[in-house]
Every structure is written in C-alpha cells, then in structure tokens.
>>> print(open('upload.cif').read())   # mmCIF, C-alpha atoms
data_coords
#
loop_
_atom_site.label_atom_id
_atom_site.label_comp_id
_atom_site.auth_asym_id
_atom_site.auth_seq_id
_atom_site.Cartn_x
_atom_site.Cartn_y
_atom_site.Cartn_z
CA MET A 1 -11.97 2.04 -9.69
CA MET A 2 -14.70 -0.53 -9.90
CA ARG A 3 -18.09 0.79 -10.98
CA PHE A 4 -21.26 -0.74 -9.59
CA ASP A 5 -24.78 0.12 -8.59
CA VAL A 6 -25.05 0.76 -4.85
CA ASP A 7 -28.68 -0.35 -5.00
CA HIS A 8 -27.59 -3.84 -6.04
CA LEU A 9 -25.86 -4.41 -2.72
CA ASP A 10 -27.78 -6.57 -0.26
CA TRP A 11 -28.41 -3.87 2.35
CA ASP A 12 -31.35 -5.78 3.84
CA LYS A 13 -29.22 -8.69 5.04
CA GLY A 14 -27.40 -6.53 7.60
CA ALA A 15 -30.24 -4.15 8.39
CA GLY A 16 -28.67 -1.40 6.32
CA LEU A 17 -25.05 -2.14 7.28
CA LEU A 18 -22.46 -4.17 5.38
CA PRO A 19 -19.09 -5.37 6.69
CA ALA A 20 -16.21 -3.55 5.02
CA ILE A 21 -12.75 -5.13 5.06
CA VAL A 22 -9.91 -2.68 4.46
CA GLN A 23 -6.79 -3.93 2.72
CA ASP A 24 -3.52 -2.06 2.10
CA SER A 25 -3.48 -1.33 -1.63
CA ARG A 26 0.32 -1.57 -1.71
CA SER A 27 1.20 -4.55 0.46
CA GLY A 28 -2.07 -6.50 0.48
CA ALA A 29 -2.14 -6.58 4.29
CA VAL A 30 -5.57 -6.74 5.90
CA LEU A 31 -5.85 -3.59 8.01
CA MET A 32 -9.22 -3.55 9.72
CA LEU A 33 -12.92 -4.35 9.61
CA GLY A 34 -15.68 -1.78 9.86
CA TYR A 35 -19.29 -1.36 8.77
CA MET A 36 -20.75 0.86 6.09
CA ASN A 37 -24.21 2.09 5.31
CA ARG A 38 -25.09 3.83 2.05
CA GLU A 39 -24.01 7.21 3.38
CA ALA A 40 -20.64 5.92 4.57
CA LEU A 41 -20.03 4.26 1.24
CA ASP A 42 -20.90 7.45 -0.63
CA ALA A 43 -18.67 9.52 1.68
CA THR A 44 -15.77 7.13 1.10
CA ARG A 45 -16.07 7.23 -2.67
CA GLN A 46 -16.64 10.97 -2.91
CA GLY A 47 -14.37 12.22 -0.13
CA GLY A 48 -11.38 10.01 -0.73
CA LYS A 49 -11.03 8.91 2.90
CA VAL A 50 -12.42 5.62 4.14
CA THR A 51 -15.54 6.32 6.20
CA PHE A 52 -17.64 3.92 8.23
CA TYR A 53 -20.85 3.96 10.17
CA SER A 54 -19.97 3.73 13.87
CA ARG A 55 -22.42 1.46 15.63
CA SER A 56 -21.34 2.78 19.04
CA LYS A 57 -21.43 6.47 18.10
CA GLN A 58 -24.46 6.06 15.84
CA ARG A 59 -22.98 8.32 13.16
CA LEU A 60 -20.61 8.40 10.21
CA TRP A 61 -17.00 8.05 11.28
CA THR A 62 -13.97 8.75 9.07
CA LYS A 63 -11.03 6.57 10.06
CA GLY A 64 -8.30 8.90 11.34
CA GLU A 65 -10.55 11.85 12.15
CA GLY A 66 -9.07 11.92 15.66
CA SER A 67 -5.57 10.53 15.13
CA GLY A 68 -4.84 11.88 11.67
CA ASN A 69 -4.06 8.35 10.47
CA PHE A 70 -6.46 8.38 7.55
CA LEU A 71 -7.02 5.63 5.01
CA ALA A 72 -6.74 7.10 1.52
CA PHE A 73 -9.39 5.40 -0.60
CA LYS A 74 -8.14 3.68 -3.76
CA SER A 75 -10.79 1.24 -4.95
CA LEU A 76 -13.78 -0.77 -3.86
CA HIS A 77 -14.87 -4.33 -4.59
CA VAL A 78 -17.95 -6.38 -3.71
CA ASP A 79 -18.11 -10.09 -2.97
CA CYS A 80 -20.11 -12.59 -5.04
CA ASP A 81 -23.17 -12.36 -2.75
CA ALA A 82 -23.14 -8.55 -2.76
CA ASP A 83 -23.28 -8.50 1.05
CA SER A 84 -19.74 -7.50 1.99
CA ILE A 85 -17.25 -4.91 0.75
CA LEU A 86 -13.50 -4.96 0.19
CA VAL A 87 -11.88 -1.54 0.32
CA LEU A 88 -8.36 -1.01 -0.98
CA ALA A 89 -6.72 1.97 0.71
CA GLU A 90 -3.35 3.53 1.38
CA PRO A 91 -2.82 3.97 5.12
CA GLN A 92 -1.51 7.34 6.28
CA GLY A 93 0.09 6.02 9.45
CA PRO A 94 -0.83 3.16 11.80
CA THR A 95 -4.34 1.83 11.27
CA CYS A 96 -4.90 0.34 14.73
CA HIS A 97 -5.52 2.56 17.75
CA LEU A 98 -2.75 0.57 19.47
CA GLY A 99 -0.27 2.07 17.04
CA THR A 100 0.23 -1.04 14.89
CA PRO A 101 -0.14 -1.15 11.09
CA SER A 102 -3.04 -3.62 11.26
CA CYS A 103 -5.77 -4.34 13.80
CA PHE A 104 -5.06 -8.04 13.17
CA GLY A 105 -1.33 -8.02 13.96
CA GLU A 106 1.22 -9.36 11.48
CA VAL A 107 -0.96 -10.74 8.70
CA ALA A 108 0.93 -9.76 5.55
CA SER A 109 3.32 -11.94 3.61
CA PRO A 110 6.99 -11.20 4.33
CA LEU A 111 7.26 -10.03 0.72
CA ALA A 112 4.77 -7.28 1.55
CA PHE A 113 7.63 -5.47 3.27
CA LEU A 114 8.95 -4.63 -0.19
CA ALA A 115 5.78 -2.60 -0.80
CA GLU A 116 6.28 -0.83 2.54
CA LEU A 117 9.89 -0.08 1.65
CA ASP A 118 8.85 1.18 -1.78
CA ALA A 119 6.34 3.53 -0.12
CA LEU A 120 8.96 4.74 2.37
CA VAL A 121 11.41 5.50 -0.44
CA ALA A 122 8.67 7.44 -2.23
CA GLN A 123 8.09 9.44 0.96
CA ARG A 124 11.81 10.17 1.26
CA GLU A 125 11.85 11.36 -2.34
CA ARG A 126 8.99 13.77 -1.67
CA GLU A 127 10.13 15.10 1.69
CA ARG A 128 13.94 14.88 1.43
CA PRO A 129 14.55 14.79 5.22
CA PRO A 130 18.06 16.01 6.11
CA GLY A 131 20.50 13.38 7.32
CA SER A 132 18.76 10.57 5.45
CA TYR A 133 20.94 8.31 3.30
CA THR A 134 18.05 7.97 0.86
CA THR A 135 17.83 11.76 0.56
CA LYS A 136 21.56 11.87 -0.16
CA LEU A 137 21.07 9.37 -2.96
CA PHE A 138 18.25 11.36 -4.54
CA VAL A 139 20.29 14.57 -4.34
CA SER A 140 23.22 12.82 -6.05
CA GLY A 141 21.09 12.21 -9.15
CA VAL A 142 20.09 9.32 -11.39
CA ARG A 143 23.58 8.72 -12.78
CA ARG A 144 25.11 8.21 -9.32
CA ILE A 145 22.19 6.03 -8.17
CA ALA A 146 22.53 3.90 -11.30
CA GLN A 147 26.24 3.55 -10.55
CA LYS A 148 25.38 2.31 -7.05
CA VAL A 149 22.99 -0.27 -8.50
CA GLY A 150 25.77 -1.48 -10.77
CA GLU A 151 28.21 -1.71 -7.87
CA GLU A 152 25.73 -3.59 -5.72
CA GLY A 153 24.94 -5.93 -8.61
CA VAL A 154 28.60 -6.83 -9.01
CA GLU A 155 29.00 -7.33 -5.25
CA THR A 156 25.93 -9.57 -5.21
CA ALA A 157 27.30 -11.69 -8.04
CA LEU A 158 30.67 -11.98 -6.28
CA ALA A 159 29.00 -12.94 -3.01
CA ALA A 160 27.09 -15.68 -4.84
CA THR A 161 30.31 -17.20 -6.20
CA THR A 162 32.87 -16.53 -3.46
CA GLY A 163 30.98 -15.65 -0.27
CA ASP A 164 28.70 -17.38 2.17
CA ASP A 165 24.89 -17.18 2.30
CA ALA A 166 24.90 -14.36 4.85
CA GLU A 167 27.04 -12.20 2.57
CA LEU A 168 24.85 -13.02 -0.41
CA LEU A 169 21.72 -12.00 1.50
CA ASP A 170 23.32 -8.77 2.69
CA GLU A 171 24.43 -7.80 -0.81
CA SER A 172 21.06 -8.78 -2.27
CA ALA A 173 19.32 -6.54 0.25
CA ASP A 174 21.61 -3.64 -0.73
CA LEU A 175 20.91 -4.28 -4.41
CA LEU A 176 17.13 -4.34 -3.94
CA PHE A 177 17.16 -1.15 -1.90
CA HIS A 178 19.23 0.80 -4.40
CA LEU A 179 17.14 -0.54 -7.28
CA ILE A 180 13.98 0.75 -5.57
CA VAL A 181 15.63 4.16 -5.19
CA LEU A 182 16.68 4.17 -8.85
CA LEU A 183 13.18 3.30 -9.98
CA ARG A 184 11.73 6.11 -7.87
CA ALA A 185 14.31 8.57 -9.19
CA ARG A 186 12.91 7.82 -12.66
CA SER A 187 9.30 8.21 -11.39
CA ASN A 188 8.70 4.44 -11.37
CA SER A 189 8.02 1.94 -8.59
CA LEU A 190 8.17 -1.74 -7.77
CA THR A 191 4.51 -1.96 -8.75
CA ASP A 192 5.46 -0.95 -12.28
CA VAL A 193 8.07 -3.71 -12.38
CA VAL A 194 5.56 -6.26 -11.07
CA ASP A 195 3.04 -5.13 -13.69
CA ARG A 196 5.66 -5.70 -16.39
CA LEU A 197 6.39 -9.18 -15.06
CA ARG A 198 2.68 -9.98 -14.84
CA SER A 199 2.10 -8.81 -18.40
CA ARG A 200 4.82 -11.15 -19.62
CA HIS A 201 2.88 -14.01 -18.08
CA GLY A 202 -0.44 -12.88 -19.53
CA VAL A 203 -1.82 -11.55 -16.22
CA ALA A 204 -3.79 -8.29 -16.08
CA THR A 205 -1.84 -5.39 -14.53
CA THR A 206 -2.89 -3.30 -11.52
CA ALA A 207 -3.59 -0.24 -13.67
#
>>> encode(input="upload.cif", output="structure tokens")
Amino acid sequence: MMRFDVDHLDWDKGAGLLPAIVQDSRSGAVLMLGYMNREALDATRQGGKVTFYSRSKQRLWTKGEGSGNFLAFKSLHVDCDADSILVLAEPQGPTCHLGTPSCFGEVASPLAFLAELDALVAQRERERPPGSYTTKLFVSGVRRIAQKVGEEGVETALAATTGDDAELLDESADLLFHLIVLLRARSNSLTDVVDRLRSRHGVATTA
C-alpha cells in the first residue's frame, strides 16, 4: 500500500473534498467516482471498506452500507498534482445501484474478463457450491485437474493443426479455464503468472 502524508494533498482546491476514482484491483475496470474528505480517507484506510463523503447526505458514506456490495480497499494512489485520488478496490458485488459492475458501463478491456473469471474460480474454491462443475474439479484433486489441463492442451494443439478457427477458440477457452482452476488448486492465480511474465521483461510486479 502506498504511504503518503495526508496533509500534502491539496484539500483547499476542492474546499476540503477530493475526487476519488475507484478502480477494480483485479480487472482494472473503472468502477465509480466519489468524493473524499480527510475523514473519509482515514475511514477507508483504517476500516478496509471504501468510504466517501456524501455531498447530498452531508456525512460519511461507506459504499455498500445499504446494499451489502462493499468495495474492499486494496491500495491508494495520488495524482501528480495531489488533488485527486485513485483507489484500488475489490468489489463485493455490483458497484452501480443499477446492478451493473461499473457506474460507467462496459469500460474494461475484454482481457479483463480473465481477472473476473479468476476471481469467480477463487470464490468457487472457497465456497464449493453443490452442482458446480468447478467444485467437482476441486474435489477431484490436483492430479485430476492437471490431467484435464493436459487433455485440453492436446485438444487445443490438434484443433490448431486439423480444425477450424471456431474449434481452436473453443479448445483454447477450455484450456484457459482448466489452467485457472489448476493454478487456484495450488494456491496460485493468474496474477501470479502475469507477475512472472512481467518479471521476465524487467517490469515491477504487483506485489
């Protein structure tokens, strides 16, 4: 988490309020915009749930206090002019009151869906809902999941050499899904794989 002096923020520019953009820490999607005063910022950092100052209610307001769709605080960053805040958070359900993931509609890159899928697989691993294919995989154990990854890898390679593009895409999707499950079964995630790739290219990891 980034460390900084709250007093160095330019609170005077917005009469004690600074715009706070919330971004999904997993997918990078922009979720919403709110405003924070010093108290809201402190509450966010100390309480672990993103909290704003509501200009209409004239009080601190924790996102999700009514709906239960909280934003779990991960980290905080300040722009170069110290007059706006970027909050990275993990949404616990839809962010928008209309029931959509973002208040801005579909703003994430299509690749961001991989982060959403990774998070869903992690949830399945924790909760093990009955009737779920992913639950069945986790119950079968690492050896069986690894076998499935091998099978899907072979089928993907065959589709690339003997099938059409639709078959290749279908098999690739199956391979990616089972790989995500295998990583999670070994307490890893796609983020860990991305960090390894980034390190190979001399880019700082997300840790």
>>> atom_distance(input="upload.cif", atom1="CA of Lys49 in chain A", atom2="CA of Leu33 in chain A")
15.0 Å
>>> resolve_selection(input="upload.cif", expression="the PyMOL selection byres ((chain A and resi 115-132) around 7)", output="JSON, numbers by chain")
{"A": [26, 27, 112, 113, 114, 133, 134, 135, 136, 138, 180, 181, 184, 189, 190]}
>>> atom_distance(input="upload.cif", atom1="CA of Ser109 in chain A", atom2="CA of Ala72 in chain A")
21.6 Å
>>> atom_distance(input="upload.cif", atom1="CA of Ser102 in chain A", atom2="CA of Ser25 in chain A")
13.1 Å
>>> resolve_selection(input="upload.cif", expression="the PyMOL selection byres ((chain A and resi 87-98) around 9)", output="short mmCIF file (atom, residue, chain, number, x, y, z; two decimals) with C-alpha atoms, in the frame of the given file")
data_model
loop_
_atom_site.label_atom_id
_atom_site.label_comp_id
_atom_site.auth_asym_id
_atom_site.auth_seq_id
_atom_site.Cartn_x
_atom_site.Cartn_y
_atom_site.Cartn_z
CA ALA A 20 -16.21 -3.55 5.02
CA ILE A 21 -12.75 -5.13 5.06
CA VAL A 22 -9.91 -2.68 4.46
CA GLN A 23 -6.79 -3.93 2.72
CA ASP A 24 -3.52 -2.06 2.10
CA SER A 25 -3.48 -1.33 -1.63
CA ARG A 26 0.32 -1.57 -1.71
CA GLY A 28 -2.07 -6.50 0.48
CA LEU A 31 -5.85 -3.59 8.01
CA MET A 32 -9.22 -3.55 9.72
CA LYS A 49 -11.03 8.91 2.90
CA VAL A 50 -12.42 5.62 4.14
CA LYS A 63 -11.03 6.57 10.06
CA GLY A 64 -8.30 8.90 11.34
CA SER A 67 -5.57 10.53 15.13
CA GLY A 68 -4.84 11.88 11.67
CA ASN A 69 -4.06 8.35 10.47
CA PHE A 70 -6.46 8.38 7.55
CA LEU A 71 -7.02 5.63 5.01
CA ALA A 72 -6.74 7.10 1.52
CA PHE A 73 -9.39 5.40 -0.60
CA LYS A 74 -8.14 3.68 -3.76
CA SER A 75 -10.79 1.24 -4.95
CA LEU A 76 -13.78 -0.77 -3.86
CA HIS A 77 -14.87 -4.33 -4.59
CA VAL A 78 -17.95 -6.38 -3.71
CA ILE A 85 -17.25 -4.91 0.75
CA LEU A 86 -13.50 -4.96 0.19
CA GLY A 99 -0.27 2.07 17.04
CA THR A 100 0.23 -1.04 14.89
CA PRO A 101 -0.14 -1.15 11.09
CA SER A 102 -3.04 -3.62 11.26
CA CYS A 103 -5.77 -4.34 13.80
CA PHE A 104 -5.06 -8.04 13.17
#
>>> residues_around(input="upload.cif", residues="Glu155 in chain A", least_positions_apart="3", cutoff="12 Å", atoms="all atoms listed in the file", output="list in words")
Lys148, Val149, Gly150, Glu151, Glu152, Leu158, Ala159, Ala160, Thr161, Thr162, Gly163, Glu167, Leu168, Leu169, Asp170, Glu171, Ser172, Ala173, Asp174 and Leu175 of chain A
>>> closest_residue(input="upload.cif", among="A:Asp10, A:Leu41, A:Leu137, A:Asp192", to="Asp79 in chain A", atoms="all atoms listed in the file")
A:Asp10
>>> closest_residue(input="upload.cif", among="A:Ala82, A:Leu111, A:Ala29, A:Ala43", to="Leu9 in chain A", atoms="all atoms listed in the file")
A:Ala82
>>> closest_residue(input="upload.cif", among="A:Thr191, A:Thr156, A:Asn37, A:Gln46", to="Val6 in chain A", atoms="only C-alpha atoms")
A:Asn37
>>> closest_residue(input="upload.cif", among="A:Arg200, A:Phe177, A:Ser54, A:Ala157", to="Ala40 in chain A", atoms="only C-alpha atoms")
A:Ser54
>>> closest_residue(input="upload.cif", among="A:Asp165, A:Glu65, A:Glu39, A:Glu106", to="Tyr53 in chain A", atoms="only C-alpha atoms")
A:Glu39
>>> decode(input="upload.cif", residues="range 98-135 of chain A", atoms="N, CA, C and O atoms", output="PDB file, in the first residue's frame")
ATOM      1  N   LEU A  98     -27.655   0.393 -10.190  1.00  0.00           N
ATOM      2  CA  LEU A  98     -28.480  -0.217 -11.227  1.00  0.00           C
ATOM      3  C   LEU A  98     -28.191  -1.709 -11.383  1.00  0.00           C
ATOM      4  O   LEU A  98     -28.795  -2.384 -12.208  1.00  0.00           O
ATOM      5  N   GLY A  99     -27.245  -2.203 -10.575  1.00  0.00           N
ATOM      6  CA  GLY A  99     -26.932  -3.620 -10.606  1.00  0.00           C
ATOM      7  C   GLY A  99     -25.848  -4.009 -11.583  1.00  0.00           C
ATOM      8  O   GLY A  99     -25.616  -5.202 -11.827  1.00  0.00           O
ATOM      9  N   THR A 100     -25.154  -3.035 -12.157  1.00  0.00           N
ATOM     10  CA  THR A 100     -24.077  -3.308 -13.105  1.00  0.00           C
ATOM     11  C   THR A 100     -22.724  -3.213 -12.396  1.00  0.00           C
ATOM     12  O   THR A 100     -22.597  -2.547 -11.360  1.00  0.00           O
ATOM     13  N   PRO A 101     -21.704  -3.886 -12.948  1.00  0.00           N
ATOM     14  CA  PRO A 101     -20.388  -3.879 -12.294  1.00  0.00           C
ATOM     15  C   PRO A 101     -19.793  -2.492 -12.146  1.00  0.00           C
ATOM     16  O   PRO A 101     -19.106  -2.199 -11.171  1.00  0.00           O
ATOM     17  N   SER A 102     -20.028  -1.616 -13.129  1.00  0.00           N
ATOM     18  CA  SER A 102     -19.452  -0.273 -13.118  1.00  0.00           C
ATOM     19  C   SER A 102     -20.530   0.770 -13.347  1.00  0.00           C
ATOM     20  O   SER A 102     -21.496   0.528 -14.085  1.00  0.00           O
ATOM     21  N   CYS A 103     -20.360   1.932 -12.736  1.00  0.00           N
ATOM     22  CA  CYS A 103     -21.287   3.044 -12.971  1.00  0.00           C
ATOM     23  C   CYS A 103     -21.102   3.642 -14.364  1.00  0.00           C
ATOM     24  O   CYS A 103     -21.926   4.443 -14.806  1.00  0.00           O
ATOM     25  N   PHE A 104     -20.024   3.250 -15.057  1.00  0.00           N
ATOM     26  CA  PHE A 104     -19.728   3.795 -16.372  1.00  0.00           C
ATOM     27  C   PHE A 104     -20.022   2.812 -17.496  1.00  0.00           C
ATOM     28  O   PHE A 104     -19.623   3.045 -18.639  1.00  0.00           O
ATOM     29  N   GLY A 105     -20.696   1.706 -17.214  1.00  0.00           N
ATOM     30  CA  GLY A 105     -20.981   0.715 -18.238  1.00  0.00           C
ATOM     31  C   GLY A 105     -19.773  -0.164 -18.502  1.00  0.00           C
ATOM     32  O   GLY A 105     -18.918  -0.357 -17.638  1.00  0.00           O
ATOM     33  N   GLU A 106     -19.697  -0.707 -19.709  1.00  0.00           N
ATOM     34  CA  GLU A 106     -18.590  -1.579 -20.095  1.00  0.00           C
ATOM     35  C   GLU A 106     -17.372  -0.732 -20.442  1.00  0.00           C
ATOM     36  O   GLU A 106     -17.290  -0.166 -21.524  1.00  0.00           O
ATOM     37  N   VAL A 107     -16.445  -0.629 -19.503  1.00  0.00           N
ATOM     38  CA  VAL A 107     -15.267   0.208 -19.736  1.00  0.00           C
ATOM     39  C   VAL A 107     -13.966  -0.583 -19.697  1.00  0.00           C
ATOM     40  O   VAL A 107     -12.917  -0.047 -20.031  1.00  0.00           O
ATOM     41  N   ALA A 108     -14.028  -1.840 -19.293  1.00  0.00           N
ATOM     42  CA  ALA A 108     -12.808  -2.631 -19.150  1.00  0.00           C
ATOM     43  C   ALA A 108     -12.416  -3.267 -20.472  1.00  0.00           C
ATOM     44  O   ALA A 108     -13.252  -3.498 -21.353  1.00  0.00           O
ATOM     45  N   SER A 109     -11.138  -3.549 -20.617  1.00  0.00           N
ATOM     46  CA  SER A 109     -10.660  -4.303 -21.760  1.00  0.00           C
ATOM     47  C   SER A 109     -11.278  -5.693 -21.747  1.00  0.00           C
ATOM     48  O   SER A 109     -11.536  -6.256 -20.672  1.00  0.00           O
ATOM     49  N   PRO A 110     -11.539  -6.282 -22.931  1.00  0.00           N
ATOM     50  CA  PRO A 110     -12.056  -7.652 -22.957  1.00  0.00           C
ATOM     51  C   PRO A 110     -11.190  -8.630 -22.171  1.00  0.00           C
ATOM     52  O   PRO A 110     -11.695  -9.593 -21.595  1.00  0.00           O
ATOM     53  N   LEU A 111      -9.882  -8.380 -22.123  1.00  0.00           N
ATOM     54  CA  LEU A 111      -8.993  -9.262 -21.372  1.00  0.00           C
ATOM     55  C   LEU A 111      -9.257  -9.200 -19.876  1.00  0.00           C
ATOM     56  O   LEU A 111      -8.863 -10.104 -19.133  1.00  0.00           O
ATOM     57  N   ALA A 112      -9.922  -8.128 -19.429  1.00  0.00           N
ATOM     58  CA  ALA A 112     -10.235  -8.010 -18.003  1.00  0.00           C
ATOM     59  C   ALA A 112     -11.160  -9.123 -17.545  1.00  0.00           C
ATOM     60  O   ALA A 112     -11.226  -9.425 -16.352  1.00  0.00           O
ATOM     61  N   PHE A 113     -11.886  -9.739 -18.482  1.00  0.00           N
ATOM     62  CA  PHE A 113     -12.768 -10.839 -18.099  1.00  0.00           C
ATOM     63  C   PHE A 113     -11.982 -11.995 -17.488  1.00  0.00           C
ATOM     64  O   PHE A 113     -12.504 -12.738 -16.647  1.00  0.00           O
ATOM     65  N   LEU A 114     -10.721 -12.147 -17.898  1.00  0.00           N
ATOM     66  CA  LEU A 114      -9.906 -13.204 -17.306  1.00  0.00           C
ATOM     67  C   LEU A 114      -9.736 -12.982 -15.805  1.00  0.00           C
ATOM     68  O   LEU A 114      -9.727 -13.942 -15.022  1.00  0.00           O
ATOM     69  N   ALA A 115      -9.595 -11.725 -15.388  1.00  0.00           N
ATOM     70  CA  ALA A 115      -9.488 -11.421 -13.963  1.00  0.00           C
ATOM     71  C   ALA A 115     -10.794 -11.742 -13.254  1.00  0.00           C
ATOM     72  O   ALA A 115     -10.799 -12.247 -12.126  1.00  0.00           O
ATOM     73  N   GLU A 116     -11.925 -11.441 -13.905  1.00  0.00           N
ATOM     74  CA  GLU A 116     -13.222 -11.757 -13.314  1.00  0.00           C
ATOM     75  C   GLU A 116     -13.392 -13.265 -13.187  1.00  0.00           C
ATOM     76  O   GLU A 116     -13.897 -13.765 -12.165  1.00  0.00           O
ATOM     77  N   LEU A 117     -12.983 -14.000 -14.216  1.00  0.00           N
ATOM     78  CA  LEU A 117     -13.079 -15.460 -14.167  1.00  0.00           C
ATOM     79  C   LEU A 117     -12.174 -16.030 -13.086  1.00  0.00           C
ATOM     80  O   LEU A 117     -12.560 -16.951 -12.349  1.00  0.00           O
ATOM     81  N   ASP A 118     -10.983 -15.483 -12.965  1.00  0.00           N
ATOM     82  CA  ASP A 118     -10.051 -15.916 -11.926  1.00  0.00           C
ATOM     83  C   ASP A 118     -10.658 -15.712 -10.546  1.00  0.00           C
ATOM     84  O   ASP A 118     -10.556 -16.575  -9.666  1.00  0.00           O
ATOM     85  N   ALA A 119     -11.314 -14.563 -10.346  1.00  0.00           N
ATOM     86  CA  ALA A 119     -11.958 -14.278  -9.058  1.00  0.00           C
ATOM     87  C   ALA A 119     -13.129 -15.222  -8.811  1.00  0.00           C
ATOM     88  O   ALA A 119     -13.358 -15.669  -7.674  1.00  0.00           O
ATOM     89  N   LEU A 120     -13.887 -15.536  -9.863  1.00  0.00           N
ATOM     90  CA  LEU A 120     -15.018 -16.452  -9.712  1.00  0.00           C
ATOM     91  C   LEU A 120     -14.540 -17.852  -9.345  1.00  0.00           C
ATOM     92  O   LEU A 120     -15.128 -18.515  -8.478  1.00  0.00           O
ATOM     93  N   VAL A 121     -13.464 -18.301  -9.973  1.00  0.00           N
ATOM     94  CA  VAL A 121     -12.901 -19.612  -9.646  1.00  0.00           C
ATOM     95  C   VAL A 121     -12.428 -19.638  -8.190  1.00  0.00           C
ATOM     96  O   VAL A 121     -12.627 -20.622  -7.474  1.00  0.00           O
ATOM     97  N   ALA A 122     -11.824 -18.542  -7.747  1.00  0.00           N
ATOM     98  CA  ALA A 122     -11.391 -18.461  -6.344  1.00  0.00           C
ATOM     99  C   ALA A 122     -12.589 -18.559  -5.400  1.00  0.00           C
ATOM    100  O   ALA A 122     -12.519 -19.206  -4.346  1.00  0.00           O
ATOM    101  N   GLN A 123     -13.691 -17.916  -5.777  1.00  0.00           N
ATOM    102  CA  GLN A 123     -14.908 -17.982  -4.966  1.00  0.00           C
ATOM    103  C   GLN A 123     -15.458 -19.404  -4.931  1.00  0.00           C
ATOM    104  O   GLN A 123     -15.883 -19.891  -3.875  1.00  0.00           O
ATOM    105  N   ARG A 124     -15.438 -20.083  -6.070  1.00  0.00           N
ATOM    106  CA  ARG A 124     -15.902 -21.473  -6.120  1.00  0.00           C
ATOM    107  C   ARG A 124     -15.032 -22.367  -5.235  1.00  0.00           C
ATOM    108  O   ARG A 124     -15.523 -23.280  -4.564  1.00  0.00           O
ATOM    109  N   GLU A 125     -13.737 -22.084  -5.237  1.00  0.00           N
ATOM    110  CA  GLU A 125     -12.830 -22.892  -4.409  1.00  0.00           C
ATOM    111  C   GLU A 125     -13.129 -22.714  -2.927  1.00  0.00           C
ATOM    112  O   GLU A 125     -13.057 -23.664  -2.150  1.00  0.00           O
ATOM    113  N   ARG A 126     -13.473 -21.493  -2.537  1.00  0.00           N
ATOM    114  CA  ARG A 126     -13.773 -21.217  -1.131  1.00  0.00           C
ATOM    115  C   ARG A 126     -15.112 -21.800  -0.715  1.00  0.00           C
ATOM    116  O   ARG A 126     -15.236 -22.405   0.357  1.00  0.00           O
ATOM    117  N   GLU A 127     -16.129 -21.615  -1.563  1.00  0.00           N
ATOM    118  CA  GLU A 127     -17.492 -21.931  -1.165  1.00  0.00           C
ATOM    119  C   GLU A 127     -17.934 -23.337  -1.554  1.00  0.00           C
ATOM    120  O   GLU A 127     -18.850 -23.888  -0.928  1.00  0.00           O
ATOM    121  N   ARG A 128     -17.351 -23.901  -2.581  1.00  0.00           N
ATOM    122  CA  ARG A 128     -17.693 -25.241  -3.068  1.00  0.00           C
ATOM    123  C   ARG A 128     -19.202 -25.450  -3.219  1.00  0.00           C
ATOM    124  O   ARG A 128     -19.788 -26.365  -2.624  1.00  0.00           O
ATOM    125  N   PRO A 129     -19.896 -24.631  -4.012  1.00  0.00           N
ATOM    126  CA  PRO A 129     -21.343 -24.799  -4.169  1.00  0.00           C
ATOM    127  C   PRO A 129     -21.664 -26.137  -4.830  1.00  0.00           C
ATOM    128  O   PRO A 129     -21.021 -26.528  -5.804  1.00  0.00           O
ATOM    129  N   PRO A 130     -22.656 -26.865  -4.322  1.00  0.00           N
ATOM    130  CA  PRO A 130     -23.009 -28.154  -4.917  1.00  0.00           C
ATOM    131  C   PRO A 130     -23.553 -27.986  -6.329  1.00  0.00           C
ATOM    132  O   PRO A 130     -24.206 -27.003  -6.645  1.00  0.00           O
ATOM    133  N   GLY A 131     -23.251 -28.954  -7.183  1.00  0.00           N
ATOM    134  CA  GLY A 131     -23.728 -28.904  -8.554  1.00  0.00           C
ATOM    135  C   GLY A 131     -22.838 -28.133  -9.492  1.00  0.00           C
ATOM    136  O   GLY A 131     -23.070 -28.134 -10.703  1.00  0.00           O
ATOM    137  N   SER A 132     -21.824 -27.476  -8.975  1.00  0.00           N
ATOM    138  CA  SER A 132     -20.922 -26.682  -9.810  1.00  0.00           C
ATOM    139  C   SER A 132     -19.837 -27.582 -10.407  1.00  0.00           C
ATOM    140  O   SER A 132     -19.215 -28.388  -9.705  1.00  0.00           O
ATOM    141  N   TYR A 133     -19.588 -27.431 -11.709  1.00  0.00           N
ATOM    142  CA  TYR A 133     -18.525 -28.193 -12.360  1.00  0.00           C
ATOM    143  C   TYR A 133     -17.169 -27.833 -11.761  1.00  0.00           C
ATOM    144  O   TYR A 133     -16.302 -28.710 -11.582  1.00  0.00           O
ATOM    145  N   THR A 134     -16.989 -26.557 -11.430  1.00  0.00           N
ATOM    146  CA  THR A 134     -15.724 -26.128 -10.841  1.00  0.00           C
ATOM    147  C   THR A 134     -15.522 -26.775  -9.474  1.00  0.00           C
ATOM    148  O   THR A 134     -14.405 -27.195  -9.133  1.00  0.00           O
ATOM    149  N   THR A 135     -16.583 -26.877  -8.685  1.00  0.00           N
ATOM    150  CA  THR A 135     -16.499 -27.569  -7.402  1.00  0.00           C
ATOM    151  C   THR A 135     -16.077 -29.020  -7.607  1.00  0.00           C
ATOM    152  O   THR A 135     -15.223 -29.551  -6.882  1.00  0.00           O
TER     153      THR A 135
END
